[in-house]
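**Q** Let me give you the structure first, and then I'll get to my questions.
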Amino acid sequence: MKISRHSLIFGLSYALDIAGKNNLSHSKSTAYIAVMIGRKLNLSKKTIINLFYAALLHDIAMSTTYEVLQHCIDGYEMLLKLPLDNEIADMIHYHHERMDGSGVFKLKGDDIPLDVQIISFSSAFDDMFGGCSDAFTYGLYQSVNDWLESVERFYSSTVLNAFREFIKQEAFLLDYFNQDTKFKMIETMKIDDEVYYDYEDVVKFALAFAEIIDKKSPFTYTHSLGIAEKARDFTLYLGYDNDKANTMYVAGLLHDIGKLDVSSKILHKPDKLSTEERFEINKHTYYTRKILEQIKGFEDIVEYAANHHERINGTGYPYRYPGEHLSIFDRIMAICDVYQALTEERPYRENLSKERVWGIIDTMVERGHLDKELVAKAKEAFA
């Protein structure tokens with residue numbers, strides 16, 4: 001497995017924007033602004049690359065906590081586990097600092113590194129204007145300049161002046177405030193990064209995002225890891241090679257990444273979901289596909305992860321694929337997902353015995369939901 005670092009992080013950053021809800025291009029817009037400021041200041045290639053990835057990942061802990069200080073600490077600790085420069089973790093740690101010392105860690109002035117100042121400013125600008133759907137007018141242009149004046153105590157003159165020089169090119173703000181072009185701005189920006197990750201490094205990212213996913217719901221804290229392990233081991237049990245088992249492991253870790261789109265209120269609900277709530281949660285496999293299909297080299301992982309609620313008789317969701325569309329690995333993931341869910345504790349039901357679990361699964365087989373032969377093999381493998 002060889003996956004481009006750029007493609008992996010760029011794709012996963014979409015999940016963070018989905019979790020944020022209010023601005024679905026926040027990480028990418030922040031990255032675009034940060035890189036453009038860095039280039040205006042003639043910063044090194046390494047610093048530019050670090051700015052890019054720090055901006056894409058700066059809200060990595062936002063879905064686990066909305067408390068700003070903890071969000072910075074958790075994000076820093078998550079980044080230290082990933083195969084990235086520690087400078088990127090530092091940028092995320094301090095990205096809410098302000099030059100006047102009013103940030104969460106009270107750093108002040110030159111104690112805040114320039115790269116941190118750039119990330120802090122870029123994120124703040126997009127927080128302020130990223131949700132604006134108004135057409136770009138002179139009035140909006142003046143609002144941008146008024147805001148820049150109002151935050152002069154928060155950000156260094158070096159960063160502010162570089163940004164002011166940058167927006168003299170009217171095209172940036174015209175693109176930024178145009179909903180048809182904003183989402184495509186970053187695609188025009190070439191990042192000279194030729195790093196490729198092997199399986200072990202991809203797993204580190206997948207584990208980090210599995211933790212983010214499962215932390216959203218206190219009732220399924222190890223759900224993704226459990227499915228990943230079962231999918232990998234079952235694939236090996238069936239005689240497939242390590243490469244295929246490793247692919248299933250990554251798919252299992254990320255199969256629920258689309259749940260970052262689902263309200264925590266629904267995920268935290270301590271009893272059964274209403275029809276309306278079930279309608280909302282059923283969207284998650286659609287978003288799992290949309291996130292993962294952005295990552296080049298994840299083509300198989302996309303299918304195995306996103307099809308885990310499809311059913312052989314065509315009654316699954318969200319595409320209602322018929323059985324002939326579902327590979328053996330799609331079917332394996334579906335079985336592992338059902339088994340894992342049934343063996344986990346839920347506040348609205350007692351623990352189920354293994355006999356009860358397999359009884360429910362056998363009923364699903366009878367109804368044409370799951371593959372009969374694979375379920376028989378799963379009973380052997382999970383025994």
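In the structure tokens, chains take letters A, B, ... by order of appearance, with residues numbered from 1 within each chain and ligands from 1 in the order shown.
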Hey, what's within 8 Å of Phe209 in chain A if we count only C-alpha atoms and toss same-chain stuff fewer than 3 positions away? As a list in words, please?
**A** Phe205, Ala206, Ile212, Ile213, Leu253, Leu254 and Ile257 of chain A
**Q** Identify, on the basis of only C-alpha atoms, every residue whose closest approach to Gln340 in chain A does not exceed 12 Å; exclude the query and any residue fewer than 3 positions from it along the same chain; express the result as an mmCIF file with N, CA and C atoms, in the first residue's frame.
**A**
data_model
loop_
_atom_site.group_PDB
_atom_site.id
_atom_site.type_symbol
_atom_site.label_atom_id
_atom_site.label_comp_id
_atom_site.auth_asym_id
_atom_site.auth_seq_id
_atom_site.Cartn_x
_atom_site.Cartn_y
_atom_site.Cartn_z
ATOM 1 N N THR A 220 -20.306 3.501 21.732
ATOM 2 C CA THR A 220 -19.586 2.684 20.736
ATOM 3 C C THR A 220 -18.110 3.048 20.724
ATOM 4 N N TYR A 221 -17.498 3.167 21.888
ATOM 5 C CA TYR A 221 -16.167 3.729 21.994
ATOM 6 C C TYR A 221 -15.107 2.930 21.235
ATOM 7 N N THR A 222 -15.282 1.615 21.126
ATOM 8 C CA THR A 222 -14.293 0.797 20.409
ATOM 9 C C THR A 222 -14.920 0.099 19.201
ATOM 10 N N HIS A 223 -16.013 0.630 18.712
ATOM 11 C CA HIS A 223 -16.747 -0.005 17.615
ATOM 12 C C HIS A 223 -15.882 -0.163 16.368
ATOM 13 N N SER A 224 -15.248 0.915 15.933
ATOM 14 C CA SER A 224 -14.486 0.873 14.685
ATOM 15 C C SER A 224 -13.292 -0.074 14.785
ATOM 16 N N LEU A 225 -12.579 -0.015 15.896
ATOM 17 C CA LEU A 225 -11.427 -0.909 16.080
ATOM 18 C C LEU A 225 -11.879 -2.360 16.119
ATOM 19 N N GLY A 226 -13.003 -2.633 16.790
ATOM 20 C CA GLY A 226 -13.504 -4.004 16.858
ATOM 21 C C GLY A 226 -13.845 -4.560 15.494
ATOM 22 N N ILE A 227 -14.509 -3.753 14.673
ATOM 23 C CA ILE A 227 -14.857 -4.201 13.319
ATOM 24 C C ILE A 227 -13.596 -4.399 12.479
ATOM 25 N N ALA A 228 -12.650 -3.477 12.609
ATOM 26 C CA ALA A 228 -11.413 -3.581 11.832
ATOM 27 C C ALA A 228 -10.690 -4.886 12.138
ATOM 28 N N GLU A 229 -10.593 -5.225 13.402
ATOM 29 C CA GLU A 229 -9.892 -6.449 13.793
ATOM 30 C C GLU A 229 -10.629 -7.688 13.295
ATOM 31 N N LYS A 230 -11.947 -7.678 13.411
ATOM 32 C CA LYS A 230 -12.719 -8.834 12.958
ATOM 33 C C LYS A 230 -12.653 -8.976 11.442
ATOM 34 N N ALA A 231 -12.755 -7.859 10.736
ATOM 35 C CA ALA A 231 -12.700 -7.914 9.272
ATOM 36 C C ALA A 231 -11.349 -8.425 8.794
ATOM 37 N N GLY A 252 -12.250 -1.057 7.895
ATOM 38 C CA GLY A 252 -13.003 -1.195 9.139
ATOM 39 C C GLY A 252 -12.811 -0.011 10.068
ATOM 40 N N MET A 333 -17.662 -7.256 5.513
ATOM 41 C CA MET A 333 -17.756 -6.058 6.354
ATOM 42 C C MET A 333 -19.156 -5.920 6.938
ATOM 43 N N ALA A 334 -20.172 -6.240 6.158
ATOM 44 C CA ALA A 334 -21.545 -6.153 6.653
ATOM 45 C C ALA A 334 -21.764 -7.107 7.829
ATOM 46 N N ILE A 335 -21.259 -8.328 7.703
ATOM 47 C CA ILE A 335 -21.403 -9.310 8.782
ATOM 48 C C ILE A 335 -20.663 -8.844 10.031
ATOM 49 N N CYS A 336 -19.436 -8.354 9.849
ATOM 50 C CA CYS A 336 -18.645 -7.886 10.994
ATOM 51 C C CYS A 336 -19.320 -6.705 11.684
ATOM 52 N N ASP A 337 -19.921 -5.824 10.901
ATOM 53 C CA ASP A 337 -20.603 -4.667 11.480
ATOM 54 C C ASP A 337 -21.797 -5.102 12.320
ATOM 55 N N THR A 343 -22.915 -7.313 19.777
ATOM 56 C CA THR A 343 -22.157 -7.751 20.953
ATOM 57 C C THR A 343 -21.700 -6.592 21.824
ATOM 58 N N GLU A 344 -22.010 -5.361 21.426
ATOM 59 C CA GLU A 344 -21.665 -4.186 22.232
ATOM 60 C C GLU A 344 -22.803 -3.834 23.179
ATOM 61 N N GLU A 345 -22.440 -3.243 24.310
ATOM 62 C CA GLU A 345 -23.463 -2.807 25.255
ATOM 63 C C GLU A 345 -24.224 -1.616 24.688
ATOM 64 N N ARG A 346 -25.509 -1.551 25.010
ATOM 65 C CA ARG A 346 -26.338 -0.413 24.653
ATOM 66 C C ARG A 346 -27.179 -0.038 25.874
ATOM 67 N N LEU A 352 -26.428 -9.128 24.958
ATOM 68 C CA LEU A 352 -27.009 -10.276 24.285
ATOM 69 C C LEU A 352 -26.060 -11.465 24.368
ATOM 70 N N LYS A 354 -24.293 -14.946 23.046
ATOM 71 C CA LYS A 354 -23.827 -15.312 21.708
ATOM 72 C C LYS A 354 -24.925 -16.052 20.939
ATOM 73 N N VAL A 357 -27.247 -13.438 19.616
ATOM 74 C CA VAL A 357 -26.602 -12.705 18.521
ATOM 75 C C VAL A 357 -26.686 -13.494 17.230
ATOM 76 N N TRP A 358 -26.311 -14.770 17.287
ATOM 77 C CA TRP A 358 -26.327 -15.574 16.065
ATOM 78 C C TRP A 358 -27.754 -15.858 15.609
ATOM 79 N N ILE A 361 -28.657 -12.848 13.597
ATOM 80 C CA ILE A 361 -27.949 -12.890 12.314
ATOM 81 C C ILE A 361 -28.551 -13.945 11.394
ATOM 82 N N PHE A 382 -15.331 -16.698 14.512
ATOM 83 C CA PHE A 382 -15.551 -15.903 15.723
ATOM 84 C C PHE A 382 -15.736 -16.756 16.963
#
**Q** May I have the residues within 8 Å of range 103-119 of chain A as a list in words, using only C-alpha atoms and disregarding those fewer than 3 positions away in the same chain?
**A**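 With the cut-off at 8 Å, the set is Thr30, Ala34, Ile37, Gly38, Thr47, Leu51, Ala54, Ala55, Val68, Leu69, Asp90, Met91, Ile92, Tyr94, His95, His96, Glu97, Arg98, Met99, Asp100, Ser122, Ser123, Tyr155, Ser156 and Val159 of chain A.
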**Q** Residues of the last selection are to be written out with C-alpha atoms, as an mmCIF file, in the first residue's frame.
**A**
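File produced: part00.cif:
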data_model
loop_
_atom_site.group_PDB
_atom_site.id
_atom_site.type_symbol
_atom_site.label_atom_id
_atom_site.label_comp_id
_atom_site.auth_asym_id
_atom_site.auth_seq_id
_atom_site.Cartn_x
_atom_site.Cartn_y
_atom_site.Cartn_z
ATOM 1 C CA THR A 30 -7.550 28.049 5.966
ATOM 2 C CA ALA A 34 -1.963 30.167 5.112
ATOM 3 C CA ILE A 37 0.688 34.248 3.167
ATOM 4 C CA GLY A 38 3.683 31.934 3.575
ATOM 5 C CA THR A 47 7.496 25.534 6.205
ATOM 6 C CA LEU A 51 1.544 25.192 7.053
ATOM 7 C CA ALA A 54 -1.354 22.067 9.918
ATOM 8 C CA ALA A 55 -4.186 24.104 8.401
ATOM 9 C CA VAL A 68 -11.077 25.646 23.071
ATOM 10 C CA LEU A 69 -8.201 24.861 25.442
ATOM 11 C CA ASP A 90 3.055 22.709 17.680
ATOM 12 C CA MET A 91 1.078 24.841 15.208
ATOM 13 C CA ILE A 92 -2.113 23.038 16.169
ATOM 14 C CA TYR A 94 -1.024 27.070 19.756
ATOM 15 C CA HIS A 95 -3.319 28.036 16.891
ATOM 16 C CA HIS A 96 -5.624 29.991 19.226
ATOM 17 C CA GLU A 97 -2.880 32.273 20.521
ATOM 18 C CA ARG A 98 -3.085 36.070 20.061
ATOM 19 C CA MET A 99 -0.298 38.651 19.968
ATOM 20 C CA ASP A 100 -1.771 40.585 22.906
ATOM 21 C CA SER A 122 -5.958 32.241 8.491
ATOM 22 C CA SER A 123 -8.387 30.222 10.605
ATOM 23 C CA TYR A 155 -2.033 39.377 14.824
ATOM 24 C CA SER A 156 1.436 40.553 13.869
ATOM 25 C CA VAL A 159 1.077 38.563 8.765
#
**Q** Closest to Ala251 in chain A among A:Ala306, A:Leu84, A:Leu370, A:Ala171, using only C-alpha atoms?
**A** A:Ala306
**Q** Pick from A:His369, A:Lys244, A:Lys283, A:Arg278: nearest to Leu260 in chain A, with only C-alpha atoms counted?
**A**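 Checking each of A:His369, A:Lys244, A:Lys283, A:Arg278 against Leu260 in chain A, counting only C-alpha atoms, the winner is A:Lys283.
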**Q** Out of range 291-366 of chain A, which residues get helix (DSSP H, G or I) from DSSP, as a PyMOL selection string?
**A** chain A and resi 291-292+299-306+323-325+328-343+354-366
**Q** One number please: CA of Thr275 in chain A to CA of Asp371 in chain A, in Å, one decimal.
**A**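 About the pair CA of Thr275 in chain A and CA of Asp371 in chain A: they are 27.1 Å apart.
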**Q** Env of Asn246 in chain A: 7 Å cut, atoms = only C-alpha atoms, seq-sep filter 4 positions within chain, self excluded. Answer as a list in words.
**A**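 Near neighbours after the sequence-gap exclusion: Arg232, Asn242 and Val250 of chain A.
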**Q** Convert the current residue selection to file output with N, CA and C atoms, as an mmCIF file, in the first residue's frame.
**A**
data_model
loop_
_atom_site.group_PDB
_atom_site.id
_atom_site.type_symbol
_atom_site.label_atom_id
_atom_site.label_comp_id
_atom_site.auth_asym_id
_atom_site.auth_seq_id
_atom_site.Cartn_x
_atom_site.Cartn_y
_atom_site.Cartn_z
ATOM 1 N N ARG A 232 -10.274 -7.962 9.425
ATOM 2 C CA ARG A 232 -8.927 -8.428 9.059
ATOM 3 C C ARG A 232 -8.777 -9.920 9.352
ATOM 4 N N ASN A 242 -2.213 -11.136 3.225
ATOM 5 C CA ASN A 242 -2.082 -10.033 4.182
ATOM 6 C C ASN A 242 -2.459 -8.687 3.573
ATOM 7 N N VAL A 250 -8.025 -1.287 7.410
ATOM 8 C CA VAL A 250 -8.160 0.169 7.241
ATOM 9 C C VAL A 250 -9.616 0.532 6.954
#
**Q** From the options A:Lys190, A:Lys290, A:Arg311, A:Lys259, which residue's atoms come nearest to Arg39 in chain A, counting only C-alpha atoms?
**A**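 Counting only C-alpha atoms, the residue closest to Arg39 in chain A is A:Lys190.
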**Q** Rounded to one decimal place, report the CA of Val365 in chain A-CA of Thr247 in chain A distance in Å.
**A**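 The value is 25.6 Å.
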**Q** Fewer than 5 positions away in the same chain doesn't count, so skip those; otherwise give me all residues within 8 Å of Phe234 in chain A, counting only C-alpha atoms, as an MDAnalysis selection string.
**A** chainID A and resid 332 378 381
**Q** Would you mind exporting the chosen residues as a CSV table (one decimal), in the first residue's frame, restricted to C-alpha atoms?
**A**
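Wrote it out as again-v4.csv, contents follow:
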chain,number,residue,atom,x,y,z
A,332,ILE,CA,-17.7,-9.7,5.1
A,378,ALA,CA,-18.0,-16.4,10.5
A,381,ALA,CA,-14.0,-17.8,12.8
